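Enquirer: Next up, start-v7.cif (mmCIF, C-alpha atoms and all ligand atoms).
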```
data_final
#
loop_
_atom_site.label_atom_id
_atom_site.label_comp_id
_atom_site.auth_asym_id
_atom_site.auth_seq_id
_atom_site.Cartn_x
_atom_site.Cartn_y
_atom_site.Cartn_z
CA MET M 1 58.12 -29.15 -25.05
CA ASP M 2 58.23 -25.42 -25.69
CA MET M 3 55.00 -24.42 -23.91
CA VAL M 4 55.54 -20.69 -24.44
CA ASN M 5 55.60 -21.31 -28.19
CA VAL M 6 52.39 -23.37 -27.96
CA ILE M 7 50.63 -20.58 -26.04
CA GLU M 8 51.87 -17.95 -28.51
CA THR M 9 50.79 -20.02 -31.51
CA LYS M 10 47.23 -20.25 -30.23
CA ARG M 11 47.26 -16.67 -28.93
CA ASP M 12 48.03 -15.55 -32.50
CA GLY M 13 45.13 -17.60 -33.88
CA GLU M 14 47.21 -20.32 -35.55
CA GLU M 15 46.58 -24.07 -35.52
CA LEU M 16 48.34 -26.37 -33.06
CA SER M 17 49.81 -29.58 -34.46
CA THR M 18 48.65 -33.01 -33.31
CA GLN M 19 52.03 -33.50 -31.61
CA GLN M 20 51.82 -30.17 -29.74
CA ILE M 21 48.36 -31.07 -28.42
CA ARG M 22 49.47 -34.55 -27.36
CA ASP M 23 52.62 -33.22 -25.65
CA PHE M 24 50.63 -30.57 -23.82
CA ILE M 25 48.20 -33.15 -22.42
CA THR M 26 50.96 -35.64 -21.52
CA GLU M 27 53.12 -33.07 -19.76
CA TYR M 28 50.26 -31.29 -18.01
CA THR M 29 48.99 -34.63 -16.67
CA ALA M 30 52.51 -35.47 -15.47
CA GLU M 31 52.65 -32.05 -13.73
CA ILE M 32 55.61 -30.91 -15.83
CA ILE M 33 53.59 -27.99 -17.23
CA PRO M 34 52.35 -25.72 -14.41
CA ASP M 35 48.77 -24.51 -13.99
CA TYR M 36 49.64 -20.92 -14.98
CA GLN M 37 50.85 -21.98 -18.45
CA ALA M 38 47.92 -24.36 -18.92
CA ALA M 39 45.55 -21.53 -17.90
CA ALA M 40 47.12 -19.22 -20.48
CA LEU M 41 46.64 -21.83 -23.21
CA LEU M 42 43.04 -22.45 -22.14
CA MET M 43 42.30 -18.73 -22.40
CA ALA M 44 43.94 -18.59 -25.84
CA ILE M 45 41.76 -21.55 -26.94
CA TYR M 46 38.70 -19.88 -25.41
CA LEU M 47 39.36 -16.68 -27.40
CA ARG M 48 40.67 -18.16 -30.64
CA GLY M 49 38.76 -21.45 -30.84
CA MET M 50 40.03 -24.67 -32.37
CA THR M 51 39.58 -26.30 -35.75
CA ARG M 52 37.66 -29.56 -35.93
CA ARG M 53 40.96 -31.44 -36.33
CA GLU M 54 42.43 -29.77 -33.23
CA THR M 55 39.27 -30.56 -31.23
CA VAL M 56 39.42 -34.23 -32.22
CA ASP M 57 43.16 -34.35 -31.36
CA LEU M 58 42.48 -32.75 -27.98
CA THR M 59 39.66 -35.22 -27.25
CA LEU M 60 41.74 -38.26 -28.15
CA ALA M 61 44.77 -37.00 -26.19
CA ILE M 62 42.67 -36.43 -23.05
CA ALA M 63 40.97 -39.84 -23.45
CA ALA M 64 44.45 -41.43 -23.74
CA SER M 65 45.77 -39.68 -20.60
CA GLY M 66 44.64 -42.66 -18.49
CA ASN M 67 43.18 -46.12 -19.04
CA GLN M 68 40.66 -46.60 -21.82
CA LEU M 69 38.12 -49.10 -20.63
CA ASP M 70 36.85 -52.08 -22.52
CA LEU M 71 33.88 -53.22 -20.49
CA HIS M 72 32.67 -56.01 -22.74
CA ASP M 73 33.87 -58.73 -20.38
CA VAL M 74 31.33 -57.52 -17.80
CA ALA M 75 28.58 -55.98 -19.95
CA PRO M 76 27.68 -56.71 -23.58
CA LEU M 77 26.62 -53.11 -24.24
CA VAL M 78 27.23 -50.14 -21.98
CA VAL M 79 25.18 -46.97 -22.39
CA ASP M 80 25.96 -43.56 -20.95
CA LYS M 81 24.63 -39.99 -20.92
CA HIS M 82 26.26 -36.66 -20.32
CA SER M 83 24.95 -33.14 -19.91
CA SER M 84 26.81 -30.09 -21.23
CA GLY M 85 25.96 -28.41 -17.93
CA GLY M 86 23.04 -26.52 -16.52
CA VAL M 87 21.44 -25.08 -13.39
CA GLY M 88 19.41 -27.54 -11.32
CA ASP M 89 20.40 -30.35 -13.69
CA LYS M 90 20.15 -33.50 -11.61
CA THR M 91 19.06 -35.67 -14.56
CA THR M 92 21.91 -38.18 -14.12
CA LEU M 93 20.78 -39.01 -10.59
CA VAL M 94 17.42 -40.16 -11.92
CA VAL M 95 18.14 -41.45 -15.39
CA GLN M 96 21.17 -43.66 -14.65
CA PRO M 97 19.44 -45.84 -12.04
CA LEU M 98 16.30 -45.85 -14.15
CA VAL M 99 18.10 -47.22 -17.21
CA ALA M 100 20.10 -49.66 -15.09
CA ALA M 101 16.82 -50.87 -13.55
CA CYS M 102 15.57 -51.59 -17.09
CA GLY M 103 18.49 -54.03 -17.46
CA VAL M 104 20.95 -51.83 -19.39
CA PRO M 105 24.32 -51.43 -17.58
CA VAL M 106 25.40 -47.83 -16.98
CA GLY M 107 29.03 -47.08 -16.14
CA LYS M 108 29.47 -43.34 -15.91
CA MET M 109 32.28 -40.94 -15.33
CA SER M 110 30.83 -37.72 -13.94
CA GLY M 111 32.16 -34.27 -13.17
CA ARG M 112 32.09 -31.62 -10.48
CA GLY M 113 30.47 -28.19 -10.60
CA LEU M 114 31.69 -26.03 -13.45
CA GLY M 115 31.10 -22.28 -13.45
CA SER M 116 27.45 -21.64 -12.61
CA SER M 117 26.48 -25.24 -13.36
CA GLY M 118 26.35 -27.94 -10.68
CA GLY M 119 28.21 -31.28 -10.89
CA THR M 120 26.97 -34.80 -10.23
CA LEU M 121 29.89 -35.72 -7.96
CA ASP M 122 29.37 -32.68 -5.72
CA LYS M 123 25.69 -33.56 -5.48
CA MET M 124 26.35 -37.21 -4.66
CA GLU M 125 28.84 -36.26 -1.93
CA SER M 126 25.81 -34.97 0.00
CA PHE M 127 25.61 -38.65 1.05
CA ARG M 128 27.94 -39.26 4.00
CA GLY M 129 30.81 -41.54 3.01
CA TRP M 130 29.92 -41.76 -0.70
CA SER M 131 33.01 -41.81 -2.94
CA SER M 132 33.50 -41.58 -6.69
CA SER M 133 37.11 -42.71 -6.72
CA MET M 134 37.77 -46.31 -7.61
CA ASP M 135 40.24 -48.42 -9.51
CA LEU M 136 39.42 -50.29 -12.69
CA PRO M 137 38.79 -53.72 -11.12
CA ARG M 138 36.33 -52.15 -8.73
CA PHE M 139 34.60 -50.19 -11.52
CA LYS M 140 34.13 -53.42 -13.46
CA ARG M 141 33.06 -55.44 -10.43
CA GLN M 142 30.37 -52.91 -9.53
CA LEU M 143 29.18 -52.70 -13.13
CA ALA M 144 28.89 -56.48 -13.29
CA GLU M 145 27.22 -56.80 -9.87
CA ILE M 146 24.67 -53.99 -9.87
CA GLY M 147 24.86 -52.55 -13.40
CA LEU M 148 25.41 -48.99 -12.17
CA VAL M 149 28.61 -47.04 -11.43
CA LEU M 150 29.15 -43.30 -10.93
CA ALA M 151 32.89 -42.68 -11.02
CA GLY M 152 34.93 -39.49 -11.10
CA GLN M 153 37.95 -38.53 -13.18
CA THR M 154 40.70 -40.32 -11.34
CA ALA M 155 44.31 -41.17 -12.02
CA VAL M 156 42.81 -44.08 -13.95
CA LEU M 157 40.18 -42.51 -16.22
CA ALA M 158 40.87 -39.35 -18.26
CA PRO M 159 42.97 -37.72 -15.52
CA ALA M 160 43.82 -34.81 -17.84
CA ASP M 161 40.15 -33.87 -17.94
CA GLY M 162 39.98 -33.83 -14.14
CA LYS M 163 42.87 -31.34 -13.99
CA LEU M 164 41.74 -29.18 -16.91
CA TYR M 165 38.13 -29.14 -15.69
CA ALA M 166 39.14 -27.82 -12.27
CA LEU M 167 41.35 -25.17 -13.90
CA ARG M 168 38.67 -24.07 -16.38
CA ASP M 169 36.19 -23.74 -13.55
CA VAL M 170 38.22 -20.93 -11.95
CA THR M 171 39.79 -19.22 -14.98
CA GLY M 172 36.73 -18.09 -16.95
CA THR M 173 37.40 -20.65 -19.69
CA VAL M 174 34.40 -22.95 -19.36
CA ALA M 175 32.09 -21.81 -22.17
CA SER M 176 34.27 -22.84 -25.11
CA THR M 177 32.88 -25.26 -27.71
CA PRO M 178 36.15 -27.20 -28.33
CA LEU M 179 36.95 -27.40 -24.60
CA ILE M 180 33.45 -28.64 -23.72
CA ALA M 181 33.40 -31.12 -26.61
CA ALA M 182 36.84 -32.52 -25.70
CA SER M 183 36.00 -32.67 -21.99
CA ILE M 184 32.74 -34.54 -22.47
CA MET M 185 33.74 -36.87 -25.29
CA SER M 186 37.15 -37.78 -23.80
CA LYS M 187 35.36 -39.06 -20.70
CA LYS M 188 32.81 -40.97 -22.75
CA LEU M 189 35.48 -42.60 -24.93
CA ALA M 190 37.73 -43.48 -21.98
CA GLY M 191 34.76 -44.78 -20.01
CA GLY M 192 34.03 -47.48 -22.59
CA ALA M 193 30.41 -46.56 -23.41
CA ASP M 194 29.10 -48.18 -26.60
CA ALA M 195 26.12 -45.83 -26.85
CA ILE M 196 26.05 -42.22 -25.69
CA VAL M 197 23.17 -39.79 -25.20
CA LEU M 198 24.36 -36.18 -24.93
CA ASP M 199 22.07 -33.66 -23.24
CA VAL M 200 23.15 -30.36 -24.76
CA LYS M 201 21.72 -27.48 -22.77
CA MET M 202 20.84 -24.22 -24.49
CA GLY M 203 19.84 -20.88 -22.98
CA SER M 204 20.61 -18.33 -20.29
CA GLY M 205 21.83 -20.94 -17.80
CA ALA M 206 23.87 -22.97 -20.27
CA PHE M 207 27.31 -22.59 -21.82
CA MET M 208 25.62 -22.60 -25.25
CA PRO M 209 23.54 -19.40 -25.41
CA ASN M 210 21.51 -20.17 -28.56
CA LEU M 211 20.33 -22.97 -30.84
CA GLU M 212 23.07 -22.37 -33.39
CA ALA M 213 25.86 -22.75 -30.81
CA ALA M 214 24.16 -25.82 -29.30
CA LYS M 215 23.88 -27.43 -32.74
CA GLU M 216 27.56 -26.78 -33.46
CA LEU M 217 28.62 -28.39 -30.17
CA SER M 218 26.24 -31.31 -30.77
CA ARG M 219 27.50 -31.92 -34.29
CA ILE M 220 31.18 -32.01 -33.20
CA MET M 221 30.46 -34.41 -30.33
CA VAL M 222 28.26 -36.70 -32.42
CA ASP M 223 30.98 -36.83 -35.13
CA ILE M 224 33.69 -37.65 -32.56
CA GLY M 225 31.49 -40.41 -31.14
CA LYS M 226 30.77 -41.86 -34.57
CA ASP M 227 34.45 -41.78 -35.59
CA ALA M 228 35.23 -43.73 -32.43
CA GLY M 229 32.57 -46.32 -33.31
CA ARG M 230 30.08 -45.29 -30.58
CA GLN M 231 26.39 -44.74 -31.27
CA THR M 232 25.86 -41.11 -30.31
CA VAL M 233 22.80 -38.86 -30.16
CA ALA M 234 22.69 -35.26 -28.91
CA LEU M 235 19.42 -33.87 -27.53
CA ILE M 236 19.24 -30.08 -27.42
CA THR M 237 17.15 -29.13 -24.41
CA ASP M 238 16.16 -25.92 -22.68
CA MET M 239 18.16 -24.12 -20.00
CA ASN M 240 16.38 -20.76 -20.06
CA GLN M 241 15.01 -21.75 -16.65
CA PRO M 242 16.42 -24.09 -14.01
CA LEU M 243 15.63 -27.78 -14.50
CA GLY M 244 13.20 -28.91 -11.83
CA HIS M 245 12.67 -26.86 -8.68
CA ALA M 246 15.83 -27.49 -6.65
CA ILE M 247 19.22 -25.79 -7.14
CA GLY M 248 22.06 -26.78 -4.81
CA ASN M 249 23.59 -30.13 -3.99
CA ALA M 250 21.56 -31.81 -1.22
CA LEU M 251 18.38 -30.02 -2.34
CA GLU M 252 18.84 -31.51 -5.81
CA VAL M 253 19.53 -34.95 -4.36
CA LYS M 254 16.24 -34.70 -2.45
CA GLU M 255 14.41 -33.74 -5.65
CA ALA M 256 16.05 -36.63 -7.52
CA LEU M 257 14.97 -39.05 -4.77
CA ALA M 258 11.42 -37.66 -4.91
CA THR M 259 11.45 -38.18 -8.69
CA LEU M 260 12.66 -41.76 -8.25
CA ARG M 261 9.65 -42.21 -5.95
CA GLY M 262 7.37 -40.85 -8.69
CA GLU M 263 6.84 -37.56 -6.88
CA GLY M 264 9.14 -35.19 -8.77
CA PRO M 265 8.18 -32.03 -10.70
CA ALA M 266 6.31 -32.95 -13.89
CA GLU M 267 8.55 -31.09 -16.33
CA PHE M 268 11.72 -32.56 -14.80
CA TRP M 269 10.23 -36.03 -14.96
CA ALA M 270 9.29 -35.48 -18.64
CA HIS M 271 12.93 -34.58 -19.35
CA CYS M 272 14.24 -37.67 -17.52
CA GLN M 273 11.79 -39.84 -19.43
CA ASP M 274 13.03 -38.46 -22.76
CA VAL M 275 16.72 -38.98 -21.95
CA ALA M 276 16.07 -42.47 -20.59
CA ALA M 277 13.97 -43.39 -23.63
CA TYR M 278 16.83 -42.43 -25.99
CA MET M 279 19.31 -44.43 -23.89
CA LEU M 280 17.07 -47.51 -23.92
CA LEU M 281 16.50 -47.13 -27.66
CA LEU M 282 20.24 -46.86 -28.47
CA ALA M 283 20.88 -49.87 -26.26
CA GLY M 284 18.33 -51.89 -28.25
CA ASN M 285 16.33 -52.44 -25.07
CA VAL M 286 13.13 -51.04 -26.64
CA ASP M 287 12.08 -50.48 -30.24
CA SER M 288 10.57 -47.00 -29.95
CA LEU M 289 10.91 -43.88 -27.83
CA GLU M 290 7.34 -44.33 -26.64
CA ALA M 291 8.13 -47.85 -25.41
CA GLY M 292 11.21 -46.40 -23.67
CA ARG M 293 9.11 -43.80 -21.86
CA GLU M 294 6.65 -46.48 -20.75
CA LYS M 295 9.42 -48.73 -19.49
CA ALA M 296 10.96 -45.81 -17.59
CA THR M 297 7.61 -45.13 -15.93
CA ALA M 298 7.23 -48.80 -14.99
CA VAL M 299 10.54 -48.99 -13.07
CA ILE M 300 9.61 -45.85 -11.16
CA LYS M 301 6.21 -47.30 -10.26
CA ASN M 302 7.56 -50.68 -9.12
CA GLY M 303 10.38 -49.06 -7.08
CA ARG M 304 13.21 -50.77 -8.99
CA ALA M 305 14.86 -47.51 -10.10
CA LEU M 306 15.01 -46.21 -6.52
CA GLU M 307 16.37 -49.57 -5.34
CA LYS M 308 19.08 -49.41 -8.03
CA PHE M 309 20.09 -45.94 -6.85
CA ARG M 310 20.24 -47.21 -3.27
CA GLN M 311 22.46 -50.13 -4.31
CA MET M 312 24.88 -47.73 -6.02
CA VAL M 313 25.03 -45.45 -2.97
CA VAL M 314 25.82 -48.42 -0.71
CA ALA M 315 28.36 -49.93 -3.15
CA GLN M 316 30.24 -46.63 -3.18
CA GLY M 317 30.37 -46.29 0.60
CA GLY M 318 27.38 -43.98 1.06
CA ASN M 319 24.83 -43.88 3.82
CA ALA M 320 21.68 -45.78 2.79
CA SER M 321 19.61 -44.29 5.60
CA GLN M 322 19.87 -40.92 3.82
CA VAL M 323 18.29 -42.53 0.74
CA ASP M 324 15.47 -43.94 2.84
CA ASP M 325 15.02 -40.72 4.80
CA PRO M 326 16.15 -37.67 2.79
CA THR M 327 15.63 -35.38 5.81
CA LEU M 328 18.95 -36.86 7.02
CA LEU M 329 20.75 -35.18 4.11
CA PRO M 330 22.54 -31.89 4.93
CA GLN M 331 20.08 -29.14 5.95
CA ALA M 332 20.79 -25.41 6.00
CA ALA M 333 20.54 -23.35 9.19
CA PHE M 334 18.43 -20.61 7.58
CA VAL M 335 15.47 -21.15 5.26
CA GLU M 336 13.77 -18.01 3.99
CA ASP M 337 10.65 -17.88 1.83
CA LEU M 338 10.57 -15.80 -1.34
CA VAL M 339 7.33 -13.80 -1.26
CA VAL M 340 6.22 -12.07 -4.47
CA PRO M 341 5.78 -8.32 -3.99
CA ARG M 342 3.41 -7.86 -6.97
CA ALA M 343 0.98 -9.65 -9.26
CA GLY M 344 2.06 -10.56 -12.80
CA PHE M 345 3.55 -13.21 -15.03
CA VAL M 346 7.07 -14.61 -14.99
CA LYS M 347 8.63 -13.19 -18.15
CA ALA M 348 12.18 -14.57 -17.99
CA LEU M 349 14.66 -16.14 -15.59
CA ASP M 350 18.34 -15.24 -15.86
CA THR M 351 19.29 -18.83 -15.12
CA GLY M 352 23.07 -18.31 -15.20
CA ARG M 353 22.68 -15.57 -12.60
CA ILE M 354 20.61 -17.93 -10.43
CA GLY M 355 23.39 -20.53 -10.75
CA TRP M 356 26.02 -17.98 -9.72
CA ALA M 357 23.84 -16.90 -6.78
CA GLY M 358 24.01 -20.56 -5.68
CA VAL M 359 27.79 -20.60 -6.11
CA HIS M 360 28.09 -17.44 -3.98
CA LEU M 361 25.98 -19.12 -1.28
CA GLY M 362 28.58 -21.93 -1.20
CA ALA M 363 27.02 -24.53 -3.53
CA GLY M 364 29.93 -24.21 -6.02
CA ARG M 365 33.55 -23.06 -6.19
CA LEU M 366 35.12 -19.68 -6.92
CA VAL M 367 38.68 -21.00 -6.46
CA LYS M 368 39.93 -24.58 -6.81
CA SER M 369 40.41 -25.06 -3.07
CA ASP M 370 36.85 -23.94 -2.11
CA THR M 371 34.90 -26.56 -0.22
CA ILE M 372 31.27 -27.17 -1.15
CA ASP M 373 28.46 -26.44 1.28
CA HIS M 374 26.09 -29.26 0.38
CA ALA M 375 23.09 -27.86 2.28
CA VAL M 376 22.71 -24.48 0.58
CA GLY M 377 20.74 -23.46 -2.51
CA PHE M 378 17.26 -22.59 -3.65
CA ILE M 379 13.87 -24.12 -4.17
CA LEU M 380 12.35 -22.23 -7.09
CA PRO M 381 9.18 -23.84 -8.39
CA ILE M 382 8.31 -21.00 -10.78
CA MET M 383 8.55 -21.26 -14.56
CA VAL M 384 8.41 -18.79 -17.40
CA GLY M 385 4.73 -18.02 -18.12
CA ASP M 386 3.53 -18.69 -14.54
CA LYS M 387 0.95 -16.27 -13.17
CA VAL M 388 1.51 -15.02 -9.60
CA THR M 389 -0.41 -12.81 -7.24
CA GLU M 390 1.00 -10.51 -4.59
CA GLY M 391 2.00 -12.43 -1.45
CA ASP M 392 2.51 -15.79 -3.19
CA VAL M 393 5.46 -17.81 -1.92
CA ILE M 394 7.43 -18.69 -5.03
CA GLY M 395 10.34 -20.48 -3.41
CA SER M 396 12.93 -20.44 -0.66
CA ILE M 397 16.59 -19.70 0.00
CA HIS M 398 18.59 -22.24 2.03
CA ALA M 399 21.72 -20.70 3.58
CA ASN M 400 24.20 -21.22 6.37
CA ASP M 401 25.33 -17.62 6.59
CA ALA M 402 23.04 -14.60 7.13
CA GLU M 403 25.17 -12.24 5.04
CA LYS M 404 25.35 -14.63 2.11
CA LEU M 405 21.60 -15.17 2.39
CA ALA M 406 20.98 -11.42 1.99
CA GLU M 407 23.25 -11.33 -1.09
CA ALA M 408 21.55 -14.37 -2.60
CA ARG M 409 18.11 -12.82 -2.01
CA ALA M 410 19.12 -9.69 -3.95
CA GLU M 411 20.70 -11.74 -6.76
CA LEU M 412 17.68 -13.98 -7.04
CA TRP M 413 15.15 -11.17 -7.29
CA ALA M 414 17.35 -9.42 -9.86
CA SER M 415 17.37 -12.58 -11.99
CA ILE M 416 13.56 -12.72 -12.37
CA SER M 417 11.78 -10.39 -14.80
CA TRP M 418 8.03 -9.86 -14.78
CA SER M 419 5.33 -8.98 -17.27
CA GLU M 420 1.88 -7.43 -16.83
CA THR M 421 0.55 -9.57 -19.69
CA ALA M 422 0.51 -13.33 -20.28
CA VAL M 423 3.80 -14.97 -21.36
CA ASP M 424 4.11 -18.23 -23.33
CA PRO M 425 5.76 -21.13 -21.50
CA LEU M 426 9.08 -22.40 -22.88
CA PRO M 427 9.57 -25.74 -24.65
CA HIS M 428 11.81 -28.19 -22.79
CA PHE M 429 13.08 -30.02 -25.90
CA TYR M 430 14.33 -28.44 -29.15
CA THR M 431 15.81 -31.08 -31.43
CA ALA M 432 17.91 -34.23 -31.65
CA VAL M 433 21.19 -34.36 -33.60
CA THR M 434 22.07 -37.84 -34.77
N1 LIG V 1 30.50 -31.30 -18.75
C1 LIG V 1 31.79 -31.73 -18.87
O1 LIG V 1 32.10 -32.86 -18.53
N2 LIG V 1 32.68 -30.90 -19.38
C2 LIG V 1 32.39 -29.64 -19.78
O2 LIG V 1 33.28 -28.95 -20.24
C3 LIG V 1 31.06 -29.19 -19.65
C4 LIG V 1 30.14 -30.05 -19.13
#
```
Could I get this structure in the form of structure tokens?
Expert:
Amino acid sequence: MDMVNVIETKRDGEELSTQQIRDFITEYTAEIIPDYQAAALLMAIYLRGMTRRETVDLTLAIAASGNQLDLHDVAPLVVDKHSSGGVGDKTTLVVQPLVAACGVPVGKMSGRGLGSSGGTLDKMESFRGWSSSMDLPRFKRQLAEIGLVLAGQTAVLAPADGKLYALRDVTGTVASTPLIAASIMSKKLAGGADAIVLDVKMGSGAFMPNLEAAKELSRIMVDIGKDAGRQTVALITDMNQPLGHAIGNALEVKEALATLRGEGPAEFWAHCQDVAAYMLLLAGNVDSLEAGREKATAVIKNGRALEKFRQMVVAQGGNASQVDDPTLLPQAAFVEDLVVPRAGFVKALDTGRIGWAGVHLGAGRLVKSDTIDHAVGFILPIMVGDKVTEGDVIGSIHANDAEKLAEARAELWASISWSETAVDPLPHFYTAVT
């Protein structure tokens, strides 16, 4: 194909044909088109956008770049969730085992960190030996045996997304509505989910900065899901502050494990309950959201959700003793408290900046070849509206390098703004798009 012509067409704001989009995905997956040309096209898409037709074509082409699973021989109805990306977002780690423990099979294809937002696979690799790569027979066997799989984009499932995702992460082309919609929905379609709950994050730490943009992304994804015959709901939820208290891979895993033990932060648990309730409702497992929330609480209380998580870790080669004793997860060499220098109220958190501070500490990637430092990150239990007095400890920095720690400290303080007067807390849920 004439890739230069494709780049120029999009650069000049014109529409790409269905065939051009398909050829681009086929040849990029086959490594005929090099990264530098793909990066140029991604930037042109980022700047010029895509029509709805182009976005659907891109989604279907990425979904068709590998196998498209039909899981009905092992599970009558498979349900899945996906987040559009946020800081401290470890919802998958809690919600997937929780829903599986309620008897609804969950086969999920997850991603790695993207820009300032963390990724489920990077978090899960905090467990020694845990692997997300598997072939189709193994995916199905695990789904049939334990009802829970967390796979990555492999040569088998939406491989084009794996390649594009890694390229977007390091070329400033993440926050694009068509690219996010195609990335998320291609994985969901290829992964064979019958029912999909999309957690669309909105705010300073999300790729969608406001409600309007979040609604547009939600509408496109819900339409793509419907066209493909999948029940799809998008929940627009807040990302103007980190989700939960932990930011950084192993720290987030520890918080997820605490939540599975019923000891997680209240607002994070409320979010997990909501997402799980929608998944159970779409799966026909309960007949109301309230019943879904109650069922979710029950499998936390009786330990079945934690046990399901443990089974998945073991099935994918991970170290179960780290589930049983989270202190065995990676720990940073330096832990420094954040002590408030003044009294006041938390006015706002620049959540994207907090996410980038984590990336600079080593929790994410600046170039494709960067390795993740699983131990580093922050514990930040403050929320917008909280009142603090001078000398309060409002969190901690976990680092393996003294210089990076000093940089992270400066970035973190710069990302918090204060008020002398009381500030209203933020909602965690905005609306559902069905
Ligand atoms: N999650 C994805 O899988 N892809 C994106 O582009 C953003 C979030």
Enquirer: As AutoDock Vina command-line options, please: the centre and edge lengths in Å, to one decimal, of an axis-aligned box enclosing every listed atom of ligand LIG 1 (chain V) with 5 Å added on each side.
Expert:
```
--center_x 31.7 --center_y -30.9 --center_z -19.4 --size_x 13.1 --size_y 13.9 --size_z 11.7
```
Enquirer: Once you count all atoms listed in the file, which residues end up within 6 Å of ligand LIG 1 (chain V), and could you hand them over as a PyMOL selection string?
Expert: chain M and resi 83-85+111+179-180+183-184
Enquirer: Please write the residues from the selection above to a file, keeping C-alpha atoms, as a compact mmCIF listing (two decimals), in the coordinates of the input.
Expert:
```txt
# COMPACT_ATOMS: atom_id res chain seq x y z
CA SER M 83 24.95 -33.14 -19.91
CA SER M 84 26.81 -30.09 -21.23
CA GLY M 85 25.96 -28.41 -17.93
CA GLY M 111 32.16 -34.27 -13.17
CA LEU M 179 36.95 -27.40 -24.60
CA ILE M 180 33.45 -28.64 -23.72
CA SER M 183 36.00 -32.67 -21.99
CA ILE M 184 32.74 -34.54 -22.47
```
Enquirer: Take the point (3.0, -24.8, -14.8) in the file's coordinates, draw a sphere of radius 12 Å around it, and report as a PyMOL selection string every protein, DNA or RNA residue with an atom inside or on it, counting all atoms listed in the file.
Expert: chain M and resi 244-245+265-268+345-346+381-388+423-427
Enquirer: Restricting the calculation to all atoms listed in the file: of M:Gly284, M:Gly49, M:Gly191, M:Gly229, which residue gets closest to M:Thr177?
Expert: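 Ranking M:Gly284, M:Gly49, M:Gly191, M:Gly229 by distance to M:Thr177, first place goes to M:Gly49.
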Enquirer: Could you state the separation of atom CA of M:Ala348 and atom CA of M:Ser417 in Å, given to one decimal place?
Expert: 5.3 Å
Enquirer: Quick one: distance from atom CA of M:Asn400 to atom CA of M:Gly362 in Å, one decimal?
Expert: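 Separation of atom CA of M:Asn400 and atom CA of M:Gly362: 8.8 Å.
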Enquirer: Looking at M:Val99, M:Val78, M:Ile196, M:Thr237, which one is nearest to M:Asn210, with distances taken over only C-alpha atoms?
Expert: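 Counting only C-alpha atoms, the residue closest to M:Asn210 is M:Thr237.
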Enquirer: Which residues, written as an MDAnalysis selection string, have at least one atom at most 12 Å from M:Gly318, with all atoms listed in the file counted and residues fewer than 4 positions away on the same chain left out?
Expert: chainID M and resid 124:132 309:314 322:323 329
Enquirer: How many Å lie between atom CA of M:Lys308 and atom CA of M:Gly113, rounded to one decimal?
Expert: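 Interatomic distance here is 24.2 Å.
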Enquirer: Do you know which residues are at most 6 Å from M:Gly152 counting all atoms listed in the file, after dropping those on the same chain fewer than 2 positions away, and could you put them as a list in words?
Expert: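 Once the adjacent positions are removed, what remains is Met109, Ser110, Ser132, Ser133 and Thr154 of chain M.
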Enquirer: Kindly save the residues from that selection, with C-alpha atoms included, as a PDB file, keeping the file's coordinate frame.
Expert:
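See result-v5.pdb below for the written result:
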```pdb
ATOM      1  CA  MET M 109      32.280 -40.940 -15.330  1.00  0.00           C
ATOM      2  CA  SER M 110      30.830 -37.720 -13.940  1.00  0.00           C
ATOM      3  CA  SER M 132      33.500 -41.580  -6.690  1.00  0.00           C
ATOM      4  CA  SER M 133      37.110 -42.710  -6.720  1.00  0.00           C
ATOM      5  CA  THR M 154      40.700 -40.320 -11.340  1.00  0.00           C
TER       6      THR M 154
END
```
Enquirer: Need to verify the contact set: M:Gln231, 7 Å, all atoms listed in the file, exclusion of same-chain residues closer than 6 positions in sequence. Can you return it as a ChimeraX atom specification?
Expert: /M:194-196,225
Enquirer: Need the neighbours of (42.8, -37.3, -24.9): which residues are at most 12 Å away, counting all atoms listed in the file, as number ranges by chain?
Expert: M: 18, 21-26, 28-29, 54-68, 157-162, 164, 179, 181-190, 224
Enquirer: From the set M:Leu42, M:Ala193, M:Ala315, M:Leu167, which residue has the shortest atom-to-atom contact distance to M:Gln142, counting all atoms listed in the file?
Expert: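 For M:Gln142, the nearest of the given residues is M:Ala315.
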Enquirer: Could you pull the residues within 12 Å of M:Gly364, counting only C-alpha atoms, minus those fewer than 3 positions along the same chain, as a ChimeraX atom specification?
Expert: /M:87,112-123,166,169-170,247-249,355-361,367-377
Enquirer: Pick the closest to M:Asp89 from M:Met134, M:Val253, M:Leu16, M:Ala214: which is it, counting all atoms listed in the file?
Expert: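 Checking each of M:Met134, M:Val253, M:Leu16, M:Ala214 against M:Asp89, counting all atoms listed in the file, the winner is M:Val253.
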Enquirer: Considering all atoms listed in the file, return as a VMD selection string whatever protein or nucleic-acid residues lie within 10 Å of M:Asp73, sequence-local ones (same chain, fewer than 4 positions apart) excluded.
Expert: chain M and resid 77 140 144
Enquirer: From the list M:Gly264, M:Pro242, M:Gly317, M:Gly103, which residue is nearest M:Val79 when using all atoms listed in the file?
Expert: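 Once distances to M:Val79 are computed over all atoms listed in the file, the minimum belongs to M:Gly103.
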